[in-house]
$ cat work38.csv   # CSV, C-alpha atoms
chain,number,residue,atom,x,y,z
A,1,MET,CA,16.5,22.6,37.2
A,2,ALA,CA,13.0,21.7,36.1
A,3,THR,CA,11.3,19.0,38.3
A,4,THR,CA,8.3,16.7,37.9
A,5,ARG,CA,6.0,14.8,40.2
A,6,THR,CA,6.5,11.0,39.5
A,7,THR,CA,4.5,8.2,41.0
A,8,PHE,CA,5.9,4.7,41.7
A,9,LYS,CA,4.2,1.7,43.4
A,10,VAL,CA,6.4,0.8,46.4
A,11,CYS,CA,6.0,-2.0,49.0
A,12,GLU,CA,4.4,-0.2,51.9
A,13,PRO,CA,6.5,-1.6,54.7
A,14,LEU,CA,9.6,-0.9,52.7
A,15,TRP,CA,8.6,2.7,52.1
A,16,GLN,CA,7.7,3.3,55.7
A,17,ASN,CA,11.0,2.0,56.9
A,18,PHE,CA,12.9,4.0,54.3
A,19,THR,CA,11.1,7.2,55.1
A,20,GLN,CA,11.8,6.8,58.8
A,21,GLN,CA,15.4,6.1,58.1
A,22,THR,CA,15.9,9.2,55.9
A,23,GLU,CA,14.1,11.4,58.4
A,24,ALA,CA,16.3,10.1,61.2
A,25,LEU,CA,19.4,10.9,59.1
A,26,PHE,CA,18.1,14.5,58.2
A,27,LEU,CA,18.0,13.6,54.5
A,28,LYS,CA,15.6,15.3,52.1
A,29,ARG,CA,14.0,12.1,50.8
A,30,ASP,CA,13.0,13.1,47.3
A,31,ALA,CA,16.3,14.9,46.6
A,32,PHE,CA,18.2,11.9,47.8
A,33,LEU,CA,16.1,9.5,45.6
A,34,ASN,CA,16.6,11.8,42.6
A,35,HIS,CA,20.4,11.6,43.1
A,36,MET,CA,20.4,7.9,43.5
A,37,ILE,CA,18.1,7.2,40.5
A,38,ARG,CA,20.2,9.5,38.2
A,39,GLN,CA,23.4,7.9,39.4
A,40,GLU,CA,22.2,4.3,39.0
A,41,ILE,CA,20.6,4.5,35.6
A,42,PRO,CA,23.9,4.0,33.7
A,43,ARG,CA,24.8,1.1,36.1
A,44,LEU,CA,21.4,-0.5,35.4
A,45,GLU,CA,21.9,0.0,31.7
A,46,GLN,CA,25.3,-1.6,32.0
A,47,GLU,CA,23.9,-4.7,33.8
A,48,LEU,CA,21.3,-5.1,31.1
A,49,GLU,CA,23.8,-4.8,28.2
A,50,GLY,CA,23.3,-7.8,25.8
A,51,LYS,CA,20.1,-8.9,27.5
A,52,LYS,CA,16.7,-9.2,25.7
A,53,GLU,CA,14.0,-6.8,26.7
A,54,LEU,CA,11.7,-7.9,29.5
A,55,SER,CA,8.8,-10.0,28.2
A,56,GLU,CA,5.2,-8.9,28.8
A,57,LYS,CA,4.6,-12.2,30.7
A,58,ALA,CA,7.5,-11.3,33.0
A,59,ARG,CA,6.3,-7.8,33.4
A,60,ARG,CA,2.8,-8.9,34.4
A,61,TYR,CA,4.2,-11.5,36.8
A,62,LEU,CA,6.4,-8.8,38.6
A,63,ALA,CA,3.5,-6.4,38.8
A,64,GLY,CA,1.3,-9.1,40.4
A,65,GLU,CA,4.1,-10.0,42.8
A,66,LEU,CA,4.6,-6.4,43.9
A,67,LYS,CA,0.9,-6.1,44.5
A,68,ARG,CA,1.1,-9.1,46.7
A,69,LEU,CA,3.8,-7.3,48.7
A,70,ASP,CA,1.4,-4.4,49.3
A,71,GLY,CA,2.7,-2.1,46.6
A,72,ARG,CA,1.1,1.3,46.9
A,73,PRO,CA,1.4,4.5,44.9
A,74,LYS,CA,4.0,7.0,46.2
A,75,THR,CA,4.7,10.3,44.6
A,76,VAL,CA,8.1,11.9,44.6
A,77,VAL,CA,9.5,15.1,43.1
A,78,ILE,CA,12.5,14.5,40.9
A,79,GLU,CA,14.3,16.3,38.2
A,80,GLN,CA,12.7,16.2,34.8
A,81,GLU,CA,16.0,15.1,33.2
A,82,THR,CA,16.2,12.2,35.7
A,83,ALA,CA,12.6,11.1,35.0
A,84,ASP,CA,13.2,11.3,31.2
A,85,ALA,CA,16.4,9.2,31.4
A,86,LEU,CA,14.6,6.5,33.4
A,87,ASP,CA,11.6,6.5,31.2
A,88,ASN,CA,13.8,6.1,28.1
A,89,LEU,CA,15.5,3.1,29.5
A,90,VAL,CA,12.3,1.6,30.7
A,91,LYS,CA,10.7,1.9,27.3
A,92,ARG,CA,13.8,0.5,25.5
A,93,MET,CA,14.0,-2.6,27.7
A,94,ASN,CA,10.3,-2.8,28.7
A,95,LEU,CA,11.5,-2.8,32.3
A,96,PHE,CA,9.2,-3.0,35.3
A,97,ARG,CA,9.7,0.6,36.4
A,98,ASP,CA,8.2,0.2,39.9
A,99,GLY,CA,10.5,-2.8,40.5
A,100,PHE,CA,13.6,-0.6,39.8
A,101,ILE,CA,12.6,1.9,42.6
A,102,ASN,CA,11.8,-0.9,45.0
A,103,ARG,CA,15.1,-2.6,44.4
A,104,LEU,CA,17.0,0.6,44.7
A,105,ILE,CA,15.4,1.3,48.1
A,106,VAL,CA,16.0,-2.3,49.2
A,107,TRP,CA,19.7,-1.9,48.5
A,108,LEU,CA,19.9,1.5,50.1
A,109,ARG,CA,18.5,0.0,53.3
A,110,SER,CA,20.4,-3.3,52.9
A,111,SER,CA,18.9,-5.0,56.0
A,112,ASP,CA,21.0,-7.6,57.8
A,113,THR,CA,18.3,-10.2,57.0
A,114,LEU,CA,18.4,-9.6,53.3
A,115,LEU,CA,22.2,-9.5,53.2
A,116,ARG,CA,22.5,-12.7,55.1
A,117,GLU,CA,20.0,-14.4,52.8
A,118,LEU,CA,22.0,-13.4,49.8
A,119,LYS,CA,25.2,-14.4,51.5
A,120,ILE,CA,26.6,-10.8,51.4
A,121,PRO,CA,28.8,-9.7,54.3
A,122,ILE,CA,27.1,-7.2,56.6
A,123,THR,CA,30.3,-5.5,57.8
A,124,LEU,CA,33.5,-4.5,56.2
A,125,ASP,CA,35.4,-6.7,58.6
A,126,GLU,CA,33.4,-9.7,57.2
A,127,LEU,CA,34.0,-8.5,53.6
A,128,GLY,CA,37.8,-8.7,54.2
A,129,LYS,CA,40.0,-7.7,51.3
A,130,SER,CA,39.1,-6.4,47.9
A,131,ASN,CA,40.0,-8.0,44.6
A,132,ASP,CA,43.4,-6.3,44.5
A,133,GLY,CA,44.3,-7.6,47.9
A,134,GLU,CA,44.2,-4.3,49.6
A,135,PRO,CA,42.0,-3.6,52.6
A,136,ASN,CA,38.7,-1.9,51.9
A,137,ALA,CA,39.3,1.8,52.7
A,138,MET,CA,36.7,4.2,54.1
A,139,PRO,CA,37.6,7.9,54.8
A,140,VAL,CA,38.2,8.8,58.5
A,141,SER,CA,36.4,12.1,57.9
A,142,PRO,CA,32.7,11.9,58.7
A,143,LEU,CA,31.8,14.2,55.8
A,144,GLY,CA,34.3,12.4,53.6
A,145,THR,CA,32.5,9.1,54.4
A,146,ILE,CA,29.1,10.6,53.6
A,147,ASP,CA,30.5,11.9,50.4
A,148,ALA,CA,32.0,8.5,49.4
A,149,VAL,CA,28.8,6.7,50.1
A,150,ARG,CA,26.7,9.3,48.2
A,151,ASN,CA,28.9,8.8,45.1
A,152,ASP,CA,28.7,5.0,45.1
A,153,PRO,CA,26.6,3.6,47.9
A,154,PHE,CA,26.7,0.0,46.5
A,155,THR,CA,30.5,-0.4,46.1
A,156,TYR,CA,30.8,-3.3,48.6
A,157,ILE,CA,27.5,-4.9,47.6
A,158,ARG,CA,28.6,-5.0,44.0
A,159,GLU,CA,32.0,-6.4,44.9
A,160,SER,CA,30.4,-9.2,46.9
A,161,LEU,CA,28.0,-10.1,44.1
A,162,GLU,CA,30.8,-10.1,41.6
A,163,LEU,CA,32.9,-12.3,43.7
A,164,ALA,CA,30.0,-14.7,44.1
A,165,GLU,CA,29.2,-14.5,40.4
A,166,SER,CA,25.5,-14.3,41.3
A,167,GLY,CA,24.5,-11.3,39.1
A,168,GLY,CA,24.4,-7.5,39.5
A,169,VAL,CA,22.5,-5.3,41.9
A,170,TYR,CA,19.5,-5.2,39.5
A,171,THR,CA,19.7,-8.7,38.1
A,172,VAL,CA,20.6,-10.9,41.0
A,173,LEU,CA,17.7,-13.2,41.8
A,174,PHE,CA,16.0,-12.3,45.0
A,175,PRO,CA,14.3,-14.9,47.3
A,176,GLU,CA,11.0,-16.0,45.9
A,177,LYS,CA,9.0,-14.0,48.6
A,178,LEU,CA,10.7,-10.8,47.4
A,179,ILE,CA,10.7,-11.4,43.7
A,180,GLY,CA,8.2,-8.5,43.2
A,181,LEU,CA,11.0,-6.2,44.1
A,182,SER,CA,12.7,-6.8,40.8
A,183,CYS,CA,12.8,-4.8,37.6
A,184,TYR,CA,14.1,-7.5,35.3
A,185,LEU,CA,13.8,-11.3,35.0
A,186,GLU,CA,14.7,-13.8,32.3
A,187,ASP,CA,11.7,-15.8,31.1
A,188,GLU,CA,13.2,-19.0,32.6
A,189,GLN,CA,12.6,-17.3,36.0
A,190,VAL,CA,8.9,-16.6,35.3
A,191,PRO,CA,6.4,-19.4,36.1
A,192,GLY,CA,4.2,-20.3,33.2
A,193,THR,CA,6.5,-19.3,30.4
A,194,GLU,CA,7.8,-21.9,27.9
A,195,ALA,CA,11.4,-21.1,29.0
A,196,TYR,CA,10.6,-21.7,32.7
A,197,ASN,CA,8.9,-25.1,31.9
A,198,LEU,CA,11.8,-26.2,29.7
A,199,LYS,CA,14.3,-25.3,32.5
A,200,ALA,CA,12.2,-27.2,35.1
A,201,LEU,CA,12.1,-30.2,32.8
A,202,GLY,CA,15.8,-30.0,32.2
A,203,ASP,CA,16.5,-29.8,36.0
A,204,GLU,CA,14.3,-32.9,36.5
A,205,LEU,CA,16.2,-34.8,33.8

$ encode --input "work38.csv" --output "C-alpha coordinates"
Amino acid sequence: MATTRTTFKVCEPLWQNFTQQTEALFLKRDAFLNHMIRQEIPRLEQELEGKKELSEKARRYLAGELKRLDGRPKTVVIEQETADALDNLVKRMNLFRDGFINRLIVWLRSSDTLLRELKIPITLDELGKSNDGEPNAMPVSPLGTIDAVRNDPFTYIRESLELAESGGVYTVLFPEKLIGLSCYLEDEQVPGTEAYNLKALGDEL
(Lines of atoms letter the chains of each structure in order from A and count residues from 1; the text may use other names and numbers.)
(Lines give C-alpha, C1' and ligand atoms only; values in the text may rest on other atoms or scores of the structure.)
Protein backbone atom coordinates (compact mmCIF):
# COMPACT_ATOMS: atom_id res chain seq x y z
CA MET A 1 0.00 0.00 0.00
CA ALA A 2 1.44 3.39 -1.04
CA THR A 3 2.12 5.80 1.82
CA THR A 4 2.66 9.54 2.11
CA ARG A 5 4.13 11.91 4.66
CA THR A 6 1.39 14.19 5.99
CA THR A 7 1.80 17.18 8.30
CA PHE A 8 -0.76 18.29 10.87
CA LYS A 9 -0.52 21.01 13.49
CA VAL A 10 -1.11 19.40 16.87
CA CYS A 11 -1.28 20.88 20.36
CA GLU A 12 2.23 20.20 21.69
CA PRO A 13 1.31 18.91 25.18
CA LEU A 14 -1.36 16.68 23.64
CA TRP A 15 1.11 15.24 21.12
CA GLN A 16 3.75 14.58 23.76
CA ASN A 17 1.30 12.78 26.03
CA PHE A 18 -0.11 10.77 23.13
CA THR A 19 3.36 9.75 21.93
CA GLN A 20 4.41 8.66 25.42
CA GLN A 21 1.23 6.65 25.80
CA THR A 22 1.55 4.85 22.45
CA GLU A 23 5.20 4.03 23.16
CA ALA A 24 4.30 2.63 26.58
CA LEU A 25 1.68 0.42 24.90
CA PHE A 26 4.19 -0.77 22.24
CA LEU A 27 2.05 0.76 19.47
CA LYS A 28 3.41 1.94 16.14
CA ARG A 29 2.10 5.47 16.40
CA ASP A 30 1.78 6.33 12.69
CA ALA A 31 0.20 3.00 11.76
CA PHE A 32 -2.22 3.36 14.66
CA LEU A 33 -3.17 6.89 13.59
CA ASN A 34 -3.61 5.77 9.99
CA HIS A 35 -6.05 3.08 11.08
CA MET A 36 -7.99 5.48 13.31
CA ILE A 37 -8.19 8.22 10.66
CA ARG A 38 -9.36 5.77 7.98
CA GLN A 39 -11.94 4.26 10.32
CA GLU A 40 -13.29 7.58 11.60
CA ILE A 41 -13.70 9.38 8.25
CA PRO A 42 -17.11 7.75 7.52
CA ARG A 43 -18.25 8.52 11.06
CA LEU A 44 -17.16 12.14 10.75
CA GLU A 45 -19.00 12.33 7.43
CA GLN A 46 -22.11 10.90 9.06
CA GLU A 47 -22.00 13.51 11.85
CA LEU A 48 -21.75 16.30 9.29
CA GLU A 49 -24.63 15.04 7.16
CA GLY A 50 -27.09 17.86 6.52
CA LYS A 51 -24.77 20.56 7.90
CA LYS A 52 -23.47 23.53 5.93
CA GLU A 53 -19.79 23.65 5.13
CA LEU A 54 -17.55 25.32 7.69
CA SER A 55 -17.42 29.07 7.09
CA GLU A 56 -14.10 30.83 6.45
CA LYS A 57 -14.59 32.91 9.62
CA ALA A 58 -15.03 29.74 11.66
CA ARG A 59 -12.00 28.15 10.02
CA ARG A 60 -9.79 31.16 10.79
CA TYR A 61 -11.12 31.29 14.34
CA LEU A 62 -10.26 27.62 14.95
CA ALA A 63 -6.79 28.06 13.44
CA GLY A 64 -6.12 30.96 15.80
CA GLU A 65 -7.39 29.01 18.80
CA LEU A 66 -5.18 26.01 17.95
CA LYS A 67 -2.19 28.33 17.66
CA ARG A 68 -3.03 29.62 21.15
CA LEU A 69 -2.89 26.00 22.35
CA ASP A 70 0.68 25.71 21.02
CA GLY A 71 -0.20 23.87 17.83
CA ARG A 72 3.02 22.73 16.13
CA PRO A 73 3.65 20.85 12.86
CA LYS A 74 3.89 17.07 13.24
CA THR A 75 4.61 14.76 10.33
CA VAL A 76 3.15 11.26 10.20
CA VAL A 77 3.29 8.56 7.54
CA ILE A 78 -0.14 7.32 6.50
CA GLU A 79 -1.56 5.44 3.54
CA GLN A 80 -2.14 7.54 0.44
CA GLU A 81 -5.69 6.25 0.25
CA THR A 82 -6.35 7.47 3.81
CA ALA A 83 -4.83 10.88 3.08
CA ASP A 84 -6.91 11.25 -0.10
CA ALA A 85 -10.16 10.28 1.67
CA LEU A 86 -9.54 12.82 4.43
CA ASP A 87 -8.55 15.58 1.98
CA ASN A 88 -11.70 14.97 -0.08
CA LEU A 89 -13.95 15.38 2.95
CA VAL A 90 -11.99 18.42 4.14
CA LYS A 91 -12.39 20.11 0.76
CA ARG A 92 -16.07 19.24 0.47
CA MET A 93 -16.96 20.63 3.91
CA ASN A 94 -14.11 23.19 4.22
CA LEU A 95 -13.23 21.45 7.51
CA PHE A 96 -10.42 22.54 9.80
CA ARG A 97 -8.21 19.52 9.04
CA ASP A 98 -5.79 20.06 11.94
CA GLY A 99 -8.74 20.23 14.30
CA PHE A 100 -9.85 16.76 13.21
CA ILE A 101 -6.55 15.10 14.12
CA ASN A 102 -6.40 16.99 17.43
CA ARG A 103 -9.90 15.94 18.39
CA LEU A 104 -9.21 12.36 17.32
CA ILE A 105 -6.17 12.22 19.61
CA VAL A 106 -8.06 13.92 22.45
CA TRP A 107 -10.74 11.23 22.31
CA LEU A 108 -8.19 8.42 22.01
CA ARG A 109 -6.62 9.65 25.24
CA SER A 110 -9.96 10.58 26.88
CA SER A 111 -8.42 11.99 30.04
CA ASP A 112 -10.51 11.81 33.21
CA THR A 113 -10.48 15.61 33.41
CA LEU A 114 -12.03 16.05 29.96
CA LEU A 115 -14.58 13.28 30.45
CA ARG A 116 -15.72 14.76 33.74
CA GLU A 117 -15.99 18.24 32.21
CA LEU A 118 -18.20 16.85 29.44
CA LYS A 119 -20.16 14.77 31.99
CA ILE A 120 -19.12 11.47 30.38
CA PRO A 121 -18.65 8.46 32.69
CA ILE A 122 -14.98 7.51 33.13
CA THR A 123 -15.61 3.81 33.88
CA LEU A 124 -17.99 1.20 32.49
CA ASP A 125 -19.44 0.81 35.97
CA GLU A 126 -20.43 4.49 35.90
CA LEU A 127 -21.85 4.10 32.41
CA GLY A 128 -24.20 1.37 33.61
CA LYS A 129 -26.49 -0.19 31.05
CA SER A 130 -26.72 0.44 27.32
CA ASN A 131 -29.80 1.65 25.49
CA ASP A 132 -31.23 -1.87 25.13
CA GLY A 133 -31.01 -2.46 28.87
CA GLU A 134 -28.19 -4.98 28.64
CA PRO A 135 -24.91 -4.53 30.54
CA ASN A 136 -22.06 -3.21 28.42
CA ALA A 137 -19.95 -6.21 27.46
CA MET A 138 -16.19 -6.31 26.95
CA PRO A 139 -14.38 -9.53 25.94
CA VAL A 140 -12.57 -11.40 28.71
CA SER A 141 -9.76 -12.26 26.29
CA PRO A 142 -6.97 -9.63 26.43
CA LEU A 143 -6.40 -9.81 22.67
CA GLY A 144 -10.16 -9.85 22.13
CA THR A 145 -10.45 -6.64 24.15
CA ILE A 146 -7.67 -5.00 22.14
CA ASP A 147 -9.38 -6.09 18.92
CA ALA A 148 -12.76 -4.71 20.07
CA VAL A 149 -11.27 -1.36 21.02
CA ARG A 150 -9.32 -1.13 17.76
CA ASN A 151 -12.48 -1.68 15.71
CA ASP A 152 -14.53 0.98 17.49
CA PRO A 153 -12.62 2.82 20.24
CA PHE A 154 -15.32 5.43 20.84
CA THR A 155 -18.29 3.08 21.41
CA TYR A 156 -19.00 4.13 24.98
CA ILE A 157 -18.16 7.79 24.41
CA ARG A 158 -20.61 7.94 21.49
CA GLU A 159 -23.26 6.21 23.59
CA SER A 160 -22.84 8.76 26.39
CA LEU A 161 -23.01 11.72 24.00
CA GLU A 162 -26.13 10.30 22.33
CA LEU A 163 -27.86 9.77 25.69
CA ALA A 164 -27.04 13.36 26.67
CA GLU A 165 -28.11 14.63 23.21
CA SER A 166 -25.07 16.90 23.27
CA GLY A 167 -23.72 16.16 19.79
CA GLY A 168 -21.30 13.69 18.24
CA VAL A 169 -17.62 12.99 18.80
CA TYR A 170 -16.64 15.64 16.25
CA THR A 171 -19.45 18.14 16.75
CA VAL A 172 -19.96 18.25 20.53
CA LEU A 173 -18.91 21.68 21.78
CA PHE A 174 -15.71 21.51 23.81
CA PRO A 175 -15.00 23.84 26.77
CA GLU A 176 -13.97 27.30 25.56
CA LYS A 177 -10.31 26.79 26.54
CA LEU A 178 -10.16 23.72 24.23
CA ILE A 179 -12.23 25.05 21.33
CA GLY A 180 -9.13 25.02 19.09
CA LEU A 181 -9.29 21.22 19.16
CA SER A 182 -12.34 21.26 16.90
CA CYS A 183 -12.77 20.61 13.19
CA TYR A 184 -16.29 22.02 12.85
CA LEU A 185 -18.33 24.83 14.43
CA GLU A 186 -21.65 26.40 13.55
CA ASP A 187 -21.33 30.17 12.90
CA GLU A 188 -23.41 30.87 16.00
CA GLN A 189 -20.52 29.39 18.01
CA VAL A 190 -17.93 31.70 16.41
CA PRO A 191 -17.40 35.10 18.08
CA GLY A 192 -17.75 38.02 15.68
CA THR A 193 -20.10 36.36 13.20
CA GLU A 194 -23.60 37.71 12.60
CA ALA A 195 -25.11 34.39 13.73
CA TYR A 196 -23.15 34.55 17.00
CA ASN A 197 -24.25 38.14 17.68
CA LEU A 198 -27.89 37.32 16.93
CA LYS A 199 -27.82 34.31 19.25
CA ALA A 200 -26.22 36.39 22.02
CA LEU A 201 -28.93 39.02 21.57
CA GLY A 202 -31.62 36.34 21.65
CA ASP A 203 -30.18 34.88 24.86
CA GLU A 204 -30.26 38.32 26.48
CA LEU A 205 -33.87 38.87 25.47

$ closest_residue --input "work38.csv" --among "A:Lys28, A:Lys57, A:Arg72, A:Arg43" --to "Leu89 in chain A" --atoms "only C-alpha atoms"
A:Arg43

$ residues_around --input "work38.csv" --residues "Pro13 in chain A" --least-positions-apart "5" --cutoff "9 Å" --atoms "only C-alpha atoms" --output "ChimeraX atom specification"
/A:18,69-71

$ closest_residue --input "work38.csv" --among "A:Leu173, A:Pro153, A:Leu143, A:Val90" --to "Glu117 in chain A" --atoms "all atoms listed in the file"
A:Leu173

$ atom_distance --input "work38.csv" --atom1 "CA of Thr82 in chain A" --atom2 "CA of Glu159 in chain A"
26.1 Å

$ closest_atom_pairs --input "work38.csv" --of "range 35-66 of chain A" --to "range 181-188 of chain A" --cutoff "7 Å" --atoms "only C-alpha atoms" --output "JSON lines"
{"residue": "A:Leu54", "atom": "CA", "partner": "A:Tyr184", "partner_atom": "CA", "distance": 6.3}
{"residue": "A:Ala58", "atom": "CA", "partner": "A:Asp187", "partner_atom": "CA", "distance": 6.4}
{"residue": "A:Leu62", "atom": "CA", "partner": "A:Ser182", "partner_atom": "CA", "distance": 7.0}
{"residue": "A:Leu66", "atom": "CA", "partner": "A:Leu181", "partner_atom": "CA", "distance": 6.4}

$ build_atoms --input "work38.csv" --residues "range 68-102 of chain A" --atoms "N, CA and C atoms" --output "PDB file, keeping the file's coordinate frame"
ATOM      1  N   ARG A  68       1.195  -8.207  45.600  1.00  0.00           N
ATOM      2  CA  ARG A  68       1.100  -9.100  46.700  1.00  0.00           C
ATOM      3  C   ARG A  68       1.939  -8.615  47.919  1.00  0.00           C
ATOM      4  N   LEU A  69       2.965  -7.832  47.629  1.00  0.00           N
ATOM      5  CA  LEU A  69       3.800  -7.300  48.700  1.00  0.00           C
ATOM      6  C   LEU A  69       3.289  -5.896  49.152  1.00  0.00           C
ATOM      7  N   ASP A  70       2.015  -5.623  48.862  1.00  0.00           N
ATOM      8  CA  ASP A  70       1.400  -4.400  49.300  1.00  0.00           C
ATOM      9  C   ASP A  70       1.996  -3.155  48.649  1.00  0.00           C
ATOM     10  N   GLY A  71       2.211  -3.247  47.318  1.00  0.00           N
ATOM     11  CA  GLY A  71       2.700  -2.100  46.600  1.00  0.00           C
ATOM     12  C   GLY A  71       1.658  -1.005  46.501  1.00  0.00           C
ATOM     13  N   ARG A  72       1.998   0.195  46.939  1.00  0.00           N
ATOM     14  CA  ARG A  72       1.100   1.300  46.900  1.00  0.00           C
ATOM     15  C   ARG A  72       1.689   2.528  46.227  1.00  0.00           C
ATOM     16  N   PRO A  73       0.865   3.371  45.581  1.00  0.00           N
ATOM     17  CA  PRO A  73       1.400   4.500  44.900  1.00  0.00           C
ATOM     18  C   PRO A  73       2.066   5.529  45.825  1.00  0.00           C
ATOM     19  N   LYS A  74       3.266   5.960  45.461  1.00  0.00           N
ATOM     20  CA  LYS A  74       4.000   7.000  46.200  1.00  0.00           C
ATOM     21  C   LYS A  74       4.497   8.016  45.218  1.00  0.00           C
ATOM     22  N   THR A  75       4.261   9.273  45.517  1.00  0.00           N
ATOM     23  CA  THR A  75       4.700  10.300  44.600  1.00  0.00           C
ATOM     24  C   THR A  75       5.903  11.046  45.142  1.00  0.00           C
ATOM     25  N   VAL A  76       6.896  11.176  44.277  1.00  0.00           N
ATOM     26  CA  VAL A  76       8.100  11.900  44.600  1.00  0.00           C
ATOM     27  C   VAL A  76       8.405  12.960  43.598  1.00  0.00           C
ATOM     28  N   VAL A  77       9.117  13.975  44.001  1.00  0.00           N
ATOM     29  CA  VAL A  77       9.500  15.100  43.100  1.00  0.00           C
ATOM     30  C   VAL A  77      10.945  14.854  42.693  1.00  0.00           C
ATOM     31  N   ILE A  78      11.165  14.636  41.397  1.00  0.00           N
ATOM     32  CA  ILE A  78      12.500  14.500  40.900  1.00  0.00           C
ATOM     33  C   ILE A  78      12.756  15.374  39.699  1.00  0.00           C
ATOM     34  N   GLU A  79      13.999  15.491  39.304  1.00  0.00           N
ATOM     35  CA  GLU A  79      14.300  16.300  38.200  1.00  0.00           C
ATOM     36  C   GLU A  79      13.745  15.754  36.882  1.00  0.00           C
ATOM     37  N   GLN A  80      13.265  16.622  36.013  1.00  0.00           N
ATOM     38  CA  GLN A  80      12.700  16.200  34.800  1.00  0.00           C
ATOM     39  C   GLN A  80      13.687  15.363  33.939  1.00  0.00           C
ATOM     40  N   GLU A  81      14.931  15.799  33.981  1.00  0.00           N
ATOM     41  CA  GLU A  81      16.000  15.100  33.200  1.00  0.00           C
ATOM     42  C   GLU A  81      16.153  13.662  33.749  1.00  0.00           C
ATOM     43  N   THR A  82      16.062  13.491  35.072  1.00  0.00           N
ATOM     44  CA  THR A  82      16.200  12.200  35.700  1.00  0.00           C
ATOM     45  C   THR A  82      14.992  11.292  35.257  1.00  0.00           C
ATOM     46  N   ALA A  83      13.791  11.864  35.330  1.00  0.00           N
ATOM     47  CA  ALA A  83      12.600  11.100  35.000  1.00  0.00           C
ATOM     48  C   ALA A  83      12.635  10.705  33.489  1.00  0.00           C
ATOM     49  N   ASP A  84      13.102  11.588  32.614  1.00  0.00           N
ATOM     50  CA  ASP A  84      13.200  11.300  31.200  1.00  0.00           C
ATOM     51  C   ASP A  84      14.195  10.160  30.919  1.00  0.00           C
ATOM     52  N   ALA A  85      15.351  10.222  31.599  1.00  0.00           N
ATOM     53  CA  ALA A  85      16.400   9.200  31.400  1.00  0.00           C
ATOM     54  C   ALA A  85      15.882   7.833  31.830  1.00  0.00           C
ATOM     55  N   LEU A  86      15.170   7.793  32.965  1.00  0.00           N
ATOM     56  CA  LEU A  86      14.600   6.500  33.400  1.00  0.00           C
ATOM     57  C   LEU A  86      13.550   6.011  32.491  1.00  0.00           C
ATOM     58  N   ASP A  87      12.654   6.883  32.065  1.00  0.00           N
ATOM     59  CA  ASP A  87      11.600   6.500  31.200  1.00  0.00           C
ATOM     60  C   ASP A  87      12.124   5.947  29.837  1.00  0.00           C
ATOM     61  N   ASN A  88      13.186   6.560  29.347  1.00  0.00           N
ATOM     62  CA  ASN A  88      13.800   6.100  28.100  1.00  0.00           C
ATOM     63  C   ASN A  88      14.327   4.686  28.206  1.00  0.00           C
ATOM     64  N   LEU A  89      14.996   4.404  29.313  1.00  0.00           N
ATOM     65  CA  LEU A  89      15.500   3.100  29.500  1.00  0.00           C
ATOM     66  C   LEU A  89      14.422   2.048  29.739  1.00  0.00           C
ATOM     67  N   VAL A  90      13.404   2.456  30.484  1.00  0.00           N
ATOM     68  CA  VAL A  90      12.300   1.600  30.700  1.00  0.00           C
ATOM     69  C   VAL A  90      11.580   1.199  29.420  1.00  0.00           C
ATOM     70  N   LYS A  91      11.388   2.176  28.541  1.00  0.00           N
ATOM     71  CA  LYS A  91      10.700   1.900  27.300  1.00  0.00           C
ATOM     72  C   LYS A  91      11.610   1.030  26.369  1.00  0.00           C
ATOM     73  N   ARG A  92      12.902   1.291  26.375  1.00  0.00           N
ATOM     74  CA  ARG A  92      13.800   0.500  25.500  1.00  0.00           C
ATOM     75  C   ARG A  92      13.886  -0.930  25.895  1.00  0.00           C
ATOM     76  N   MET A  93      13.869  -1.204  27.199  1.00  0.00           N
ATOM     77  CA  MET A  93      14.000  -2.600  27.700  1.00  0.00           C
ATOM     78  C   MET A  93      12.707  -3.157  28.227  1.00  0.00           C
ATOM     79  N   ASN A  94      11.611  -2.386  28.144  1.00  0.00           N
ATOM     80  CA  ASN A  94      10.300  -2.800  28.700  1.00  0.00           C
ATOM     81  C   ASN A  94      10.417  -3.178  30.159  1.00  0.00           C
ATOM     82  N   LEU A  95      11.264  -2.463  30.901  1.00  0.00           N
ATOM     83  CA  LEU A  95      11.500  -2.800  32.300  1.00  0.00           C
ATOM     84  C   LEU A  95      10.285  -2.564  33.167  1.00  0.00           C
ATOM     85  N   PHE A  96      10.253  -3.269  34.290  1.00  0.00           N
ATOM     86  CA  PHE A  96       9.200  -3.000  35.300  1.00  0.00           C
ATOM     87  C   PHE A  96       9.715  -1.867  36.150  1.00  0.00           C
ATOM     88  N   ARG A  97       9.245  -0.672  35.820  1.00  0.00           N
ATOM     89  CA  ARG A  97       9.700   0.600  36.400  1.00  0.00           C
ATOM     90  C   ARG A  97       9.595   0.611  37.923  1.00  0.00           C
ATOM     91  N   ASP A  98       8.438   0.154  38.429  1.00  0.00           N
ATOM     92  CA  ASP A  98       8.200   0.200  39.900  1.00  0.00           C
ATOM     93  C   ASP A  98       9.206  -0.780  40.571  1.00  0.00           C
ATOM     94  N   GLY A  99       9.557  -1.862  39.892  1.00  0.00           N
ATOM     95  CA  GLY A  99      10.500  -2.800  40.500  1.00  0.00           C
ATOM     96  C   GLY A  99      11.881  -2.155  40.654  1.00  0.00           C
ATOM     97  N   PHE A 100      12.261  -1.265  39.737  1.00  0.00           N
ATOM     98  CA  PHE A 100      13.600  -0.600  39.800  1.00  0.00           C
ATOM     99  C   PHE A 100      13.622   0.242  41.121  1.00  0.00           C
ATOM    100  N   ILE A 101      12.592   1.057  41.373  1.00  0.00           N
ATOM    101  CA  ILE A 101      12.600   1.900  42.600  1.00  0.00           C
ATOM    102  C   ILE A 101      12.577   1.103  43.832  1.00  0.00           C
ATOM    103  N   ASN A 102      11.821  -0.004  43.815  1.00  0.00           N
ATOM    104  CA  ASN A 102      11.800  -0.900  45.000  1.00  0.00           C
ATOM    105  C   ASN A 102      13.129  -1.491  45.272  1.00  0.00           C
TER     106      ASN A 102
END
